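Worksheet: one structure, shown below.
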Amino acid sequence: MFGMRLRIALAEKGIEYEYREEDPRNKSELLLKMNPVHKKIPILIHNDKLVCESIIAVQYIDEVWSKKAPFLPSDPYQRAQARFWADYIDKKMYDAGRRVWSSKGDELEAAKKDFLEVLKVLEAELDDKPYFGGETFGFVDLAFIPFYCWFYAYESCGNFSVEAECPKLIAWANRCMEKKNVAKSLADKQKVYEFVLELRKAFGID
């Protein structure tokens with residue numbers, strides 16, 4: 001999921017790169033060597049230097065290749081706001097979504113409520129703007145859009161509709177998906193759902 005952010009960022013900047021797939025459930029020696037602190041993907045390697053954590057790597061990409069398609073606004077306050085919302089997404093979305101697909105019964109109902117509350121906060125921030133930063137695709141959009149390919153899995157496991165609850169968010173997601181660099185970088189929603197079903201089976205949820 002988080003690696004999609006880097007793929008979108010590099011594509012938006014027009015940067016060619018070599019991509020290496022890693023299985024987070026079977027971590028390679030290279031991964032453990034490259035990120036010995038968190039032992040997580042993604043990892044950006046540029047000029048033999050390592051940049052870990054997806055949102056930090058996206059900021060690095062934006063700063064190194066600053067002349068084309070800037071993700072962060074030039075105004076310091078607006079830049080701070082963009083970082084605030086990206087941080088909110090990082091702190092809220094993954095855990096809230098994971099609770100939806102990994103729960104059942106009363107726990108699932110509580111998880112659905114919490115997940116939709118997170119989405120409604122984000123929808124309120126988006127409001128009627130085309131993108132979170134205004135008229136152009138930017139930092140917050142890049143941080144959030146990879147979660148969209150998981151929505152189908154969340155909805156299927158939780159028996160709810162994000163569009164019914166947050167129509168503006170889905171309109172925003174569809175707008176983002178019209179961008180070739182976004183569409184080609186996101187995982188297929190059906191494959192994500194099948195992956196989630198495997199996890200539910202492995203964890204004894206189904």
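Labels used: A, B, ... for chains in the order of the structure tokens, numbers from 1 for residues in each chain, and numbers from 1 for ligands as shown.
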
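Residues lying within 7 Å of region 164-179 of chain A, counting only C-alpha atoms and ignoring same-chain neighbours fewer than 2 positions away, are Lys120, Glu123, Pro130, Tyr131, Ile145, Tyr148, Ser161, Val162, Asn181, Val182 and Ala183 of chain A.
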
Report as a tab-separated table: every residue of region 21-127 of chain A with an atom at most 9 Å from region 151-156 of chain A, its closest pair of atoms, and their distance in Å to one decimal, counting only C-alpha atoms, with rows sorted by chain and ascending residue number.
residue	atom	partner	partner_atom	distance
A:Gly97	CA	A:Tyr154	CA	6.6
A:Arg98	CA	A:Tyr154	CA	8.3
A:Val100	CA	A:Tyr154	CA	6.1
A:Trp101	CA	A:Tyr154	CA	5.8
A:Lys112	CA	A:Tyr154	CA	8.8

Open item on the list: Which of region 31-169 of chain A end up as helix (DSSP H, G or I) when DSSP is run on this backbone - answer as a VMD selection string?
Closed with: chain A and resid 31 to 34 54 to 64 76 to 101 105 to 126 139 to 158 162 to 165 167 to 169

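Within 8 Å of Ile205 (chain A), once only C-alpha atoms are used and residues closer than 4 positions along the same chain are dropped, the contacting residues are A:Ser102, A:Ser103, A:Lys104, A:Arg200, A:Lys201.
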
Mind checking DSSP for chain A and telling me the strand (DSSP E) residues as an mmCIF file with C-alpha atoms, in the first residue's frame?
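Saved to states_25.cif:
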data_model
loop_
_atom_site.group_PDB
_atom_site.id
_atom_site.type_symbol
_atom_site.label_atom_id
_atom_site.label_comp_id
_atom_site.auth_asym_id
_atom_site.auth_seq_id
_atom_site.Cartn_x
_atom_site.Cartn_y
_atom_site.Cartn_z
ATOM 1 C CA ILE A 43 12.652 1.987 0.850
ATOM 2 C CA LEU A 44 13.889 4.553 -1.660
ATOM 3 C CA ILE A 45 17.522 4.238 -2.711
ATOM 4 C CA HIS A 46 18.925 7.304 -4.462
ATOM 5 C CA LYS A 49 21.540 6.663 0.035
ATOM 6 C CA LEU A 50 18.500 5.185 1.752
ATOM 7 C CA VAL A 51 15.253 6.987 2.535
ATOM 8 C CA CYS A 52 12.744 5.034 4.637
#

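Nearest to Arg83 (chain A) of all the residues A:Glu109, A:Leu122, A:Phe71, A:Val140 is A:Val140, based on only C-alpha atoms.
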